[in-house]
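What follows is the content of upload-v2.txt, which has compact mmCIF, C-alpha atoms:
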# COMPACT_ATOMS: atom_id res chain seq x y z
CA MET A 1 42.90 21.83 6.04
CA THR A 2 41.15 19.84 3.33
CA GLU A 3 38.39 17.31 4.00
CA LEU A 4 37.82 14.46 1.56
CA LEU A 5 34.82 12.15 1.43
CA VAL A 6 36.08 8.83 0.14
CA GLY A 7 33.42 6.24 -0.64
CA THR A 8 34.65 2.66 -0.64
CA ARG A 9 33.31 -0.88 -0.82
CA LYS A 10 33.72 -0.99 2.95
CA GLY A 11 32.38 2.27 4.22
CA LEU A 12 32.81 6.02 4.06
CA PHE A 13 36.19 7.44 5.01
CA VAL A 14 36.42 11.08 6.02
CA LEU A 15 40.03 12.10 5.44
CA ARG A 16 41.54 15.36 6.65
CA GLY A 17 44.92 16.85 6.02
CA ASP A 18 47.06 19.56 4.55
CA LEU A 19 48.02 19.71 0.91
CA GLY A 20 51.24 17.88 0.19
CA GLY A 21 51.16 15.26 2.90
CA PRO A 22 49.26 12.15 3.89
CA PHE A 23 45.81 12.75 5.32
CA GLU A 24 44.49 11.21 8.51
CA ILE A 25 41.34 9.14 8.74
CA ALA A 26 39.15 11.50 10.74
CA HIS A 27 36.19 9.13 10.70
CA ARG A 28 34.84 5.94 9.18
CA ALA A 29 31.08 5.51 8.81
CA PHE A 30 28.83 2.76 7.41
CA GLU A 31 31.44 0.10 8.12
CA GLY A 32 31.25 -2.88 5.82
CA THR A 33 28.82 -1.21 3.43
CA THR A 34 29.35 0.12 -0.08
CA ILE A 35 29.31 3.89 -0.45
CA GLU A 36 28.67 4.62 -4.09
CA TYR A 37 28.95 8.38 -3.67
CA ALA A 38 29.21 11.01 -0.96
CA ILE A 39 29.11 14.79 -1.12
CA ARG A 40 28.77 17.84 1.07
CA ASP A 41 26.18 20.25 -0.28
CA PRO A 42 27.98 23.60 -0.23
CA ARG A 43 24.68 25.48 0.14
CA SER A 44 23.52 23.84 3.35
CA GLY A 45 26.75 22.28 4.59
CA ARG A 46 24.86 18.99 4.86
CA TYR A 47 26.52 15.70 3.96
CA TYR A 48 24.85 13.08 1.75
CA ALA A 49 25.95 9.50 1.17
CA SER A 50 24.62 6.85 -1.18
CA VAL A 51 24.79 3.73 0.95
CA THR A 52 24.16 0.30 -0.55
CA SER A 53 23.79 -2.58 1.82
CA GLY A 54 24.31 -5.88 0.04
CA HIS A 55 21.45 -7.25 2.10
CA PHE A 56 19.12 -4.36 2.74
CA GLY A 57 19.32 -2.29 -0.44
CA PRO A 58 20.33 1.27 -1.27
CA ARG A 59 19.30 4.54 0.37
CA VAL A 60 20.54 8.09 0.67
CA TRP A 61 21.64 8.99 4.19
CA MET A 62 22.35 12.51 5.39
CA ALA A 63 24.11 14.21 8.29
CA ASP A 64 25.11 17.67 9.43
CA ASP A 65 28.39 16.27 10.75
CA PRO A 66 29.83 13.15 9.09
CA ARG A 67 31.21 12.04 12.46
CA GLY A 68 27.79 12.29 14.09
CA GLU A 69 24.43 10.62 13.56
CA TRP A 70 23.40 9.86 9.97
CA GLU A 71 19.71 9.90 9.07
CA ARG A 72 18.34 7.42 6.54
CA THR A 73 16.13 9.25 4.05
CA ALA A 74 12.97 7.92 2.46
CA GLY A 75 14.51 7.18 -0.89
CA PRO A 76 15.05 7.24 -3.68
CA ALA A 77 12.55 4.44 -4.22
CA PHE A 78 10.32 3.72 -7.19
CA PRO A 79 6.55 4.09 -6.83
CA GLU A 80 4.64 0.84 -7.00
CA ASP A 81 3.36 1.37 -10.54
CA ALA A 82 6.91 1.75 -11.88
CA ASP A 83 7.45 -1.95 -11.21
CA ALA A 84 11.14 -1.44 -10.53
CA THR A 85 13.48 -1.49 -7.56
CA VAL A 86 16.40 0.85 -6.99
CA GLU A 87 19.62 -1.15 -7.20
CA ARG A 88 22.26 1.56 -6.79
CA ILE A 89 22.30 5.31 -6.27
CA TRP A 90 25.09 6.56 -8.47
CA VAL A 91 25.10 10.29 -7.94
CA ILE A 92 23.55 13.07 -5.83
CA THR A 93 23.74 16.59 -7.26
CA PRO A 94 22.56 19.92 -5.81
CA ALA A 95 20.11 21.59 -8.18
CA GLU A 96 19.99 25.27 -8.99
CA GLU A 97 17.07 25.87 -6.60
CA ASP A 98 17.58 26.09 -2.84
CA GLY A 99 16.92 22.84 -1.03
CA VAL A 100 16.54 20.85 -4.24
CA LEU A 101 18.67 17.82 -5.04
CA TRP A 102 18.81 15.42 -7.96
CA ALA A 103 19.78 11.76 -7.69
CA GLY A 104 20.66 9.34 -10.47
CA VAL A 105 20.09 5.64 -9.91
CA ALA A 106 20.18 2.21 -11.48
CA PRO A 107 18.04 1.08 -13.22
CA ALA A 108 18.42 4.38 -15.04
CA ALA A 109 16.12 6.95 -13.49
CA LEU A 110 16.25 10.46 -12.14
CA PHE A 111 14.83 11.44 -8.75
CA ARG A 112 14.23 14.91 -7.33
CA SER A 113 14.06 16.01 -3.72
CA GLU A 114 12.56 19.37 -2.81
CA ASP A 115 13.07 19.06 0.94
CA GLY A 116 16.81 18.78 1.21
CA GLY A 117 16.91 15.03 0.61
CA LYS A 118 14.29 13.80 3.08
CA THR A 119 11.93 12.55 0.37
CA TRP A 120 12.45 11.80 -3.32
CA GLU A 121 10.16 11.74 -6.33
CA LEU A 122 10.69 9.87 -9.59
CA ASN A 123 11.07 12.04 -12.67
CA ARG A 124 8.30 10.69 -14.87
CA GLY A 125 9.34 12.53 -18.01
CA LEU A 126 12.48 10.45 -18.33
CA TRP A 127 11.08 7.23 -16.87
CA ASP A 128 8.19 7.23 -19.35
CA ARG A 129 10.37 7.72 -22.43
CA PRO A 130 9.22 5.21 -25.03
CA GLU A 131 12.81 4.11 -25.71
CA ARG A 132 13.49 3.11 -22.12
CA PRO A 133 12.61 -0.59 -22.47
CA LYS A 134 15.33 -0.84 -25.14
CA TRP A 135 18.07 0.78 -23.05
CA GLN A 136 21.02 -1.56 -22.53
CA PRO A 137 23.10 -1.66 -19.36
CA GLY A 138 26.84 -1.15 -19.26
CA ALA A 139 29.06 -3.48 -17.26
CA GLY A 140 28.12 -1.57 -14.09
CA GLY A 141 24.39 -1.80 -14.78
CA LEU A 142 21.93 0.57 -16.42
CA ALA A 143 23.21 3.61 -14.60
CA LEU A 144 22.24 7.27 -14.55
CA HIS A 145 25.53 8.51 -13.16
CA SER A 146 26.17 12.08 -14.32
CA ILE A 147 23.93 15.10 -13.69
CA CYS A 148 24.93 18.55 -14.94
CA PRO A 149 22.65 21.41 -13.92
CA MET A 150 22.80 24.61 -15.95
CA PRO A 151 24.18 27.40 -13.76
CA GLY A 152 21.48 29.98 -13.10
CA ASP A 153 18.75 28.14 -15.01
CA PRO A 154 16.87 25.47 -13.04
CA ASP A 155 14.86 24.51 -16.12
CA ARG A 156 17.89 23.11 -17.94
CA LEU A 157 19.68 19.92 -17.04
CA THR A 158 21.95 17.49 -18.86
CA LEU A 159 22.50 13.95 -17.73
CA ALA A 160 24.23 10.79 -18.87
CA ILE A 161 23.16 7.16 -18.81
CA SER A 162 25.32 4.13 -19.35
CA ALA A 163 24.46 2.93 -21.95
CA ALA A 164 21.71 5.25 -23.17
CA GLY A 165 23.74 8.38 -23.88
CA ILE A 166 23.20 12.06 -23.17
CA TRP A 167 19.79 13.53 -22.33
CA HIS A 168 18.71 17.15 -22.00
CA THR A 169 15.68 18.88 -20.54
CA ASP A 170 14.74 22.53 -20.98
CA ASP A 171 11.59 22.42 -18.84
CA ARG A 172 12.83 21.16 -15.45
CA GLY A 173 12.44 17.51 -16.40
CA ARG A 174 8.98 17.47 -17.93
CA THR A 175 10.31 16.50 -21.36
CA TRP A 176 13.64 15.10 -22.49
CA ARG A 177 15.62 14.88 -25.72
CA GLN A 178 18.85 13.21 -26.70
CA GLY A 179 22.12 14.99 -27.46
CA ASN A 180 24.52 12.47 -28.93
CA ALA A 181 25.52 13.84 -32.34
CA GLY A 182 29.17 13.11 -33.00
CA ILE A 183 29.58 10.33 -30.45
CA VAL A 184 30.79 7.16 -32.19
CA PRO A 185 30.21 3.80 -30.46
CA LEU A 186 33.14 1.83 -31.86
CA TYR A 187 31.88 -1.30 -30.08
CA VAL A 188 28.93 -1.77 -32.45
CA PRO A 189 29.22 -2.80 -36.13
CA GLU A 190 30.19 0.07 -38.40
CA GLU A 191 26.89 0.06 -40.26
CA ALA A 192 25.01 0.47 -36.97
CA ARG A 193 27.10 3.26 -35.44
CA ALA A 194 25.16 6.18 -36.89
CA THR A 195 21.85 4.99 -35.50
CA SER A 196 22.82 3.01 -32.41
CA GLU A 197 21.38 4.22 -29.13
CA ASP A 198 23.65 1.92 -27.11
CA LEU A 199 25.83 4.80 -26.01
CA CYS A 200 28.03 4.02 -23.05
CA VAL A 201 28.88 7.40 -21.59
CA HIS A 202 31.14 6.93 -18.58
CA ASN A 203 31.20 10.44 -17.17
CA VAL A 204 30.30 13.98 -18.22
CA HIS A 205 30.99 17.36 -16.65
CA ARG A 206 30.01 20.93 -17.45
CA SER A 207 32.19 24.00 -17.17
CA PRO A 208 30.58 26.39 -14.67
CA LEU A 209 32.35 29.35 -16.28
CA ARG A 210 31.28 28.53 -19.83
CA PRO A 211 28.21 26.30 -19.36
CA GLU A 212 27.90 25.41 -23.04
CA ARG A 213 31.25 23.63 -22.73
CA LEU A 214 31.09 20.03 -21.53
CA MET A 215 33.67 17.25 -21.54
CA LEU A 216 32.78 13.60 -21.76
CA GLN A 217 34.59 10.32 -21.15
CA PHE A 218 32.99 7.71 -23.38
CA HIS A 219 33.50 3.95 -23.57
CA THR A 220 35.58 4.38 -26.72
CA GLY A 221 36.47 8.04 -26.83
CA VAL A 222 36.91 11.39 -25.13
CA TYR A 223 34.72 14.24 -26.35
CA ARG A 224 34.06 17.94 -25.96
CA SER A 225 30.92 19.92 -26.65
CA ASP A 226 30.79 23.66 -27.24
CA ASP A 227 27.03 23.88 -27.71
CA GLY A 228 25.63 22.62 -24.44
CA GLY A 229 25.89 18.95 -25.33
CA GLU A 230 23.99 18.95 -28.61
CA THR A 231 27.04 17.92 -30.68
CA TRP A 232 30.33 16.36 -29.67
CA LEU A 233 33.88 16.61 -31.00
CA ASP A 234 36.39 13.79 -30.60
CA ILE A 235 39.33 15.04 -28.53
CA GLY A 236 40.94 11.68 -27.74
CA GLU A 237 43.98 12.00 -29.98
CA GLY A 238 47.20 12.03 -28.00
CA LEU A 239 45.95 9.82 -25.18
CA PRO A 240 47.41 6.31 -24.70
CA SER A 241 43.84 5.02 -24.66
CA THR A 242 40.45 6.64 -24.96
CA PHE A 243 38.92 4.20 -22.45
CA GLY A 244 38.57 5.40 -18.89
CA PHE A 245 35.95 6.30 -16.36
CA PRO A 246 36.27 9.65 -14.57
CA MET A 247 36.83 13.13 -15.86
CA VAL A 248 37.46 16.50 -14.26
CA ILE A 249 36.95 19.90 -15.88
CA ASP A 250 38.76 22.82 -14.26
CA PRO A 251 36.02 25.08 -12.84
CA ALA A 252 38.20 28.14 -13.47
CA ASP A 253 39.23 27.25 -17.03
CA PRO A 254 36.80 25.75 -19.55
CA ASP A 255 39.71 24.63 -21.75
CA SER A 256 41.32 22.54 -19.01
CA GLY A 257 40.35 18.99 -18.21
CA TYR A 258 41.77 15.76 -16.86
CA VAL A 259 41.28 12.06 -17.60
CA ILE A 260 42.86 8.87 -16.30
CA PRO A 261 43.09 6.43 -19.23
CA LEU A 262 42.85 2.67 -18.77
CA VAL A 263 44.03 0.13 -21.36
CA ALA A 264 40.64 -0.85 -22.79
CA ASP A 265 37.29 -2.30 -21.81
CA ILE A 266 38.80 -5.79 -21.83
CA ASP A 267 41.68 -4.71 -19.54
CA ARG A 268 40.55 -1.97 -17.18
CA VAL A 269 43.90 -1.01 -15.67
CA THR A 270 46.37 1.81 -16.18
CA PRO A 271 48.47 1.23 -19.33
CA ASP A 272 52.04 -0.06 -19.07
CA GLY A 273 51.82 -0.38 -15.30
CA ARG A 274 52.05 3.42 -15.00
CA LEU A 275 49.55 5.63 -13.23
CA ARG A 276 49.20 8.76 -15.36
CA VAL A 277 46.74 11.61 -15.23
CA TYR A 278 46.38 13.31 -18.60
CA GLU A 279 45.77 17.04 -18.69
CA THR A 280 44.63 19.27 -21.50
CA ARG A 281 44.95 23.08 -21.38
CA ASP A 282 43.65 23.66 -24.90
CA ALA A 283 40.22 22.00 -24.86
CA GLY A 284 41.55 18.65 -25.96
CA LYS A 285 43.79 19.64 -28.84
CA SER A 286 46.75 18.19 -26.91
CA TRP A 287 47.28 16.14 -23.78
CA THR A 288 50.15 16.04 -21.27
CA ALA A 289 50.87 13.11 -18.98
CA ARG A 290 51.17 14.14 -15.34
CA THR A 291 53.23 11.56 -13.48
CA GLN A 292 55.36 13.28 -10.84
CA GLY A 293 54.62 11.63 -7.51
CA LEU A 294 52.48 8.85 -9.03
CA PRO A 295 53.73 5.24 -9.25
CA GLN A 296 55.37 4.61 -12.62
CA ARG A 297 56.24 0.94 -12.18
CA ASP A 298 54.07 -2.10 -11.59
CA ALA A 299 50.98 0.05 -11.09
CA TYR A 300 48.00 -1.73 -12.64
CA MET A 301 45.23 0.36 -11.16
CA THR A 302 41.57 1.13 -11.84
CA VAL A 303 39.96 4.48 -11.11
CA LEU A 304 36.17 4.46 -11.22
CA ARG A 305 33.88 7.13 -12.62
CA GLN A 306 33.06 8.96 -9.37
CA ALA A 307 36.54 8.66 -7.89
CA PHE A 308 38.17 11.82 -9.31
CA ALA A 309 37.43 15.22 -7.78
CA ASN A 310 38.62 18.79 -7.63
CA ASP A 311 38.45 21.44 -4.91
CA GLY A 312 37.61 24.38 -7.16
CA GLY A 313 40.64 26.27 -5.85
CA ALA A 314 43.42 28.20 -7.55
CA PRO A 315 45.71 26.49 -8.17
CA LEU A 316 43.35 23.60 -8.60
CA GLY A 317 43.47 20.77 -6.06
CA LEU A 318 42.84 17.32 -7.53
CA TYR A 319 42.14 14.01 -5.79
CA PHE A 320 41.46 10.52 -7.01
CA GLY A 321 41.20 7.04 -5.54
CA ALA A 322 41.77 3.60 -7.02
CA THR A 323 40.17 0.25 -6.42
CA SER A 324 43.52 -0.74 -4.88
CA GLY A 325 42.56 1.48 -1.94
CA ALA A 326 45.14 4.16 -2.71
CA VAL A 327 44.18 7.85 -2.84
CA PHE A 328 46.33 10.53 -4.47
CA GLY A 329 46.20 14.31 -4.42
CA SER A 330 47.70 17.28 -6.20
CA ALA A 331 47.92 20.82 -4.85
CA ASP A 332 49.16 22.33 -8.12
CA ALA A 333 46.62 21.38 -10.78
CA GLY A 334 48.23 18.02 -11.47
CA GLU A 335 51.84 19.05 -11.91
CA THR A 336 52.93 17.07 -8.83
CA TRP A 337 51.11 14.45 -6.80
CA PHE A 338 51.27 13.15 -3.25
CA THR A 339 49.85 10.07 -1.57
CA VAL A 340 46.77 10.92 0.49
CA ALA A 341 46.14 7.37 1.75
CA GLU A 342 47.73 4.08 0.78
CA ARG A 343 45.57 1.25 1.95
CA LEU A 344 41.87 2.00 2.18
CA ALA A 345 39.19 -0.37 0.89
CA PRO A 346 38.46 -0.29 -2.89
CA VAL A 347 37.58 3.32 -3.68
CA THR A 348 34.30 4.02 -5.47
CA SER A 349 34.06 7.80 -5.08
CA VAL A 350 36.08 10.82 -4.02
CA ARG A 351 34.72 14.31 -3.38
CA VAL A 352 36.09 17.37 -1.61
CA ALA A 353 33.81 18.40 1.25
CA MET B 1 0.58 -14.03 16.80
CA ALA B 2 3.72 -15.16 14.99
CA LEU B 3 7.04 -14.94 16.76
CA VAL B 4 9.59 -13.10 14.62
CA THR B 5 13.32 -13.37 15.28
CA LEU B 6 15.57 -10.57 14.05
CA ARG B 7 19.33 -10.16 13.95
CA ALA B 8 21.43 -7.01 13.72
CA PRO B 9 21.03 -4.55 12.12
CA LEU B 10 17.26 -5.23 11.97
CA LYS B 11 17.21 -5.93 15.67
CA ASP B 12 18.69 -2.48 16.33
CA LEU B 13 16.05 -0.88 14.10
CA ALA B 14 13.36 -2.64 16.15
CA GLY B 15 14.48 -1.03 19.36
CA GLY B 16 17.01 -3.73 20.21
CA GLN B 17 14.44 -6.53 20.33
CA SER B 18 15.51 -9.83 18.84
CA GLU B 19 12.10 -11.47 19.24
CA ILE B 20 8.81 -9.75 18.44
CA ARG B 21 5.23 -11.05 18.28
CA LEU B 22 3.36 -9.77 15.24
CA ASP B 23 0.00 -10.37 13.56
CA GLY B 24 -0.37 -11.66 10.04
CA GLY B 25 -1.66 -14.62 8.10
CA SER B 26 1.20 -14.66 5.57
CA VAL B 27 4.86 -13.73 5.41
CA ILE B 28 4.12 -10.43 3.66
CA GLU B 29 1.47 -9.54 6.24
CA VAL B 30 3.84 -10.23 9.12
CA LEU B 31 6.63 -8.20 7.46
CA ARG B 32 4.22 -5.31 6.82
CA ALA B 33 3.23 -5.49 10.49
CA LEU B 34 6.92 -5.26 11.38
CA GLU B 35 7.21 -2.08 9.30
CA ARG B 36 4.11 -0.59 10.92
CA GLU B 37 5.22 -1.39 14.46
CA TYR B 38 8.82 -0.38 13.83
CA PRO B 39 8.89 2.18 11.00
CA ARG B 40 12.68 2.31 10.99
CA THR B 41 12.68 -1.18 9.46
CA ALA B 42 10.69 0.01 6.43
CA GLY B 43 12.54 -0.65 3.19
CA TRP B 44 15.14 -2.93 4.76
CA VAL B 45 13.51 -6.34 4.28
CA LEU B 46 10.91 -5.53 1.62
CA ASP B 47 11.83 -3.42 -1.40
CA GLU B 48 9.56 -0.70 -2.76
CA GLN B 49 7.57 -3.30 -4.72
CA GLY B 50 6.87 -5.40 -1.64
CA ALA B 51 9.32 -8.17 -2.54
CA ILE B 52 11.73 -9.66 -0.03
CA ARG B 53 15.17 -8.31 -0.94
CA PRO B 54 17.29 -10.86 -2.80
CA HIS B 55 19.89 -11.14 -0.05
CA VAL B 56 17.49 -11.41 2.86
CA ASN B 57 16.17 -14.82 3.87
CA VAL B 58 12.89 -15.37 5.66
CA PHE B 59 12.36 -18.77 7.26
CA VAL B 60 8.99 -20.02 8.50
CA ASN B 61 9.15 -22.92 10.90
CA GLY B 62 12.68 -23.69 9.68
CA GLU B 63 12.02 -23.51 5.93
CA ARG B 64 13.16 -20.71 3.64
CA THR B 65 10.08 -19.12 2.16
CA LYS B 66 8.54 -16.37 0.03
CA GLU B 67 6.17 -13.48 0.55
CA ASP B 68 2.89 -15.35 0.07
CA MET B 69 3.61 -18.30 2.37
CA PRO B 70 0.88 -18.71 5.02
CA VAL B 71 1.89 -18.21 8.63
CA GLU B 72 0.10 -20.08 11.42
CA PRO B 73 -0.98 -18.03 14.46
CA ASP B 74 1.79 -19.63 16.48
CA GLY B 75 4.25 -19.68 13.54
CA ARG B 76 7.87 -18.80 13.94
CA LEU B 77 9.70 -16.49 11.46
CA TYR B 78 13.39 -15.81 11.20
CA VAL B 79 14.49 -12.76 9.18
CA LEU B 80 18.17 -13.16 8.41
CA PRO B 81 20.75 -11.65 6.07
CA SER B 82 21.72 -14.33 3.56
CA ILE B 83 25.19 -15.77 3.42
CA SER B 84 26.16 -14.13 0.14
CA GLY B 85 29.42 -13.14 -1.39
CA GLY B 86 32.81 -14.49 -0.52
As structure tokens, how would this structure be written, given the file I've shared?
Amino acid sequence: MTELLVGTRKGLFVLRGDLGGPFEIAHRAFEGTTIEYAIRDPRSGRYYASVTSGHFGPRVWMADDPRGEWERTAGPAFPEDADATVERIWVITPAEEDGVLWAGVAPAALFRSEDGGKTWELNRGLWDRPERPKWQPGAGGLALHSICPMPGDPDRLTLAISAAGIWHTDDRGRTWRQGNAGIVPLYVPEEARATSEDLCVHNVHRSPLRPERLMLQFHTGVYRSDDGGETWLDIGEGLPSTFGFPMVIDPADPDSGYVIPLVADIDRVTPDGRLRVYETRDAGKSWTARTQGLPQRDAYMTVLRQAFANDGGAPLGLYFGATSGAVFGSADAGETWFTVAERLAPVTSVRVA
Amino acid sequence: MALVTLRAPLKDLAGGQSEIRLDGGSVIEVLRALEREYPRTAGWVLDEQGAIRPHVNVFVNGERTKEDMPVEPDGRLYVLPSISGG
């Protein structure tokens, strides 16, 4: 039995089912409210949801059982002197230390909780960066959406901001430095590309087996890093488009990753009306379209950056949801796909509990 | 004391009361009193900078108003989700 946490524009759906068949809606929580992201922390078993009320703002909520009572936490919220208000909570990530969580928000900031999510503190090292006033938002806002801890080393963390690129810390967030060498923003004039800091990273993930290996979906490219995110290599050749939002890296194979290309930033749907997941097994040297079980006609779909997940199993289970409200799954690392749910609300995030 | 009218979900966070009498000489003071009396409402109407959230409307004596608007001792406040979106 697999449990999926599917965040939508109209609440959190807890789906349960067996690989290969449709899942049942085991529970719906936060009806009518946007769930930007929801996870189950494997260390504690506790569930966390980023809940954004259009009226009453965003907060992290937590629960021991997603079908039971959810508790609204005290954040993340900016301190008064920051003169900012949290607009969206994009991601919640367990840290390397017990009981510690990171959260990425818009406007771009990092928060840390040391009490299992009850309270949150702004990371000042990043917030006080002198470049921050110049950071430009992407279409979804100025979002800190990807957080990649370094396995076994709580001092090291990599994160991504749309559109302020990749940032690293080696001292648990006290100081930060950029890591964008090799990333080419094709959307700025050629003469400005080498120096531009308007870097619209859409999603980045780290290989847990080979932590120096990361894969990155950019606004105009797909990249790989073999040196912990200091330099990046273009691996987009062979894809129908290098625009897309989510990315998955196979936890058991650092050379294997998945993307779901969309036409372009001016037409954010699957190309040619075909829903295709592209898989690489050689670190991006080549890509294979995985289509079996996915709609290949009249399918103009959008898959957002947090809406593609894996179960860490062998063979790898993969799940993604579209803004159409459809959710798809694969029990065999993408070779074949089945429909998990057909008609949910627009899907913003998918994670395996 | 001002009479404050709440609707769901704020009403639920205030123990199911739709009308509450609260002290305060201005809108912000009355809303802070609401948060003190009913801590579960904290952060729902006012953001972390003390501003009324953009999609919440506060009316005083029938007029939509802002944080610093004075409130008479017998004033009447309505705290309502705005009609936003489509």
Residues of chain A that approach chain B to 8 Å or less, counting only C-alpha atoms: could you list each one with the shortest pair of atoms and its distance in Å to one decimal, rows by chain and increasing residue number, as JSON lines?
{"residue": "A:Gly54", "atom": "CA", "partner": "B:His55", "partner_atom": "CA", "distance": 6.9}
{"residue": "A:His55", "atom": "CA", "partner": "B:His55", "partner_atom": "CA", "distance": 4.7}
{"residue": "A:Phe56", "atom": "CA", "partner": "B:Trp44", "partner_atom": "CA", "distance": 4.7}
{"residue": "A:Gly57", "atom": "CA", "partner": "B:Trp44", "partner_atom": "CA", "distance": 6.7}
{"residue": "A:Ala77", "atom": "CA", "partner": "B:Glu48", "partner_atom": "CA", "distance": 6.1}
{"residue": "A:Phe78", "atom": "CA", "partner": "B:Glu48", "partner_atom": "CA", "distance": 6.3}
{"residue": "A:Pro79", "atom": "CA", "partner": "B:Glu48", "partner_atom": "CA", "distance": 7.0}
{"residue": "A:Glu80", "atom": "CA", "partner": "B:Gln49", "partner_atom": "CA", "distance": 5.6}
{"residue": "A:Asp83", "atom": "CA", "partner": "B:Gln49", "partner_atom": "CA", "distance": 6.6}
{"residue": "A:Ala84", "atom": "CA", "partner": "B:Gln49", "partner_atom": "CA", "distance": 7.1}
{"residue": "A:Thr85", "atom": "CA", "partner": "B:Glu48", "partner_atom": "CA", "distance": 6.2}
Problem set entry | Polymer residues at most 10 Å from Arg210 (chain A), all atoms listed in the file, same-chain spacing of 5 or more positions, as a ChimeraX atom specification | /A:151,226,228,251-255
For this session: Using only C-alpha atoms, pick whichever of B:Thr65, B:Thr5, B:Ser26, B:Ser18 has the shortest atom-to-atom distance to Tyr78 (chain B).
Result: B:Thr5
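Around the coordinate (28.2, 18.2, -13.5), residues that reach within 8 Å when counting all atoms listed in the file are Thr93, Ser146, Ile147, Cys148, Pro149, Val204, His205, Arg206 and Ser207 of chain A.
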Problem set entry | Residue contacts of region 186-200 of chain A (8 Å, all atoms listed in the file) excluding same-chain residues fewer than 2 positions away, as a count of residues only | 13
For this session: Within 7 Å of region 32-39 of chain B, counting only C-alpha atoms, which residues show up once you throw out same-chain ones fewer than 2 positions away? Write them as a list of chain:residue names, please.
Result: B:Ala14, B:Leu22, B:Asp23, B:Ile28, B:Glu29, B:Val30, B:Thr41, B:Ala42
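Here CA of Ala82 (chain A) is placed at a distance of 17.9 Å from CA of Thr175 (chain A).
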Problem set entry | For CA of Thr336 (chain A) and CA of Tyr47 (chain A), the interatomic separation in Å (one decimal) | 29.4 Å
Exercise. Leaving out region 343-351 of chain A and any residue of its chain fewer than 5 positions from it, which residues lie within 10 Å of it when counting only C-alpha atoms, given as a count of residues only?
Worked result: 43
Excluding Asp74 (chain B) and any residue of its chain fewer than 3 positions from it, enumerate the residues within 10 Å of it, using only C-alpha atoms, and give them as an mmCIF file with C-alpha atoms, in the coordinates of the input.
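out_8.cif was written with the following content:
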data_model
loop_
_atom_site.group_PDB
_atom_site.id
_atom_site.type_symbol
_atom_site.label_atom_id
_atom_site.label_comp_id
_atom_site.auth_asym_id
_atom_site.auth_seq_id
_atom_site.Cartn_x
_atom_site.Cartn_y
_atom_site.Cartn_z
ATOM 1 C CA MET B 1 0.580 -14.030 16.800
ATOM 2 C CA ALA B 2 3.720 -15.160 14.990
ATOM 3 C CA LEU B 3 7.040 -14.940 16.760
ATOM 4 C CA ARG B 21 5.230 -11.050 18.280
ATOM 5 C CA ASP B 23 0.000 -10.370 13.560
ATOM 6 C CA ASN B 61 9.150 -22.920 10.900
ATOM 7 C CA VAL B 71 1.890 -18.210 8.630
ATOM 8 C CA LEU B 77 9.700 -16.490 11.460
#
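Here CA of Leu144 (chain A) stands at a distance of 22.5 Å from CA of Pro42 (chain A).
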Problem set entry | Counting all atoms listed in the file, the residue of A:Val259, A:Leu294, A:Leu216, A:Val352 that sits nearest Arg274 (chain A) | A:Leu294
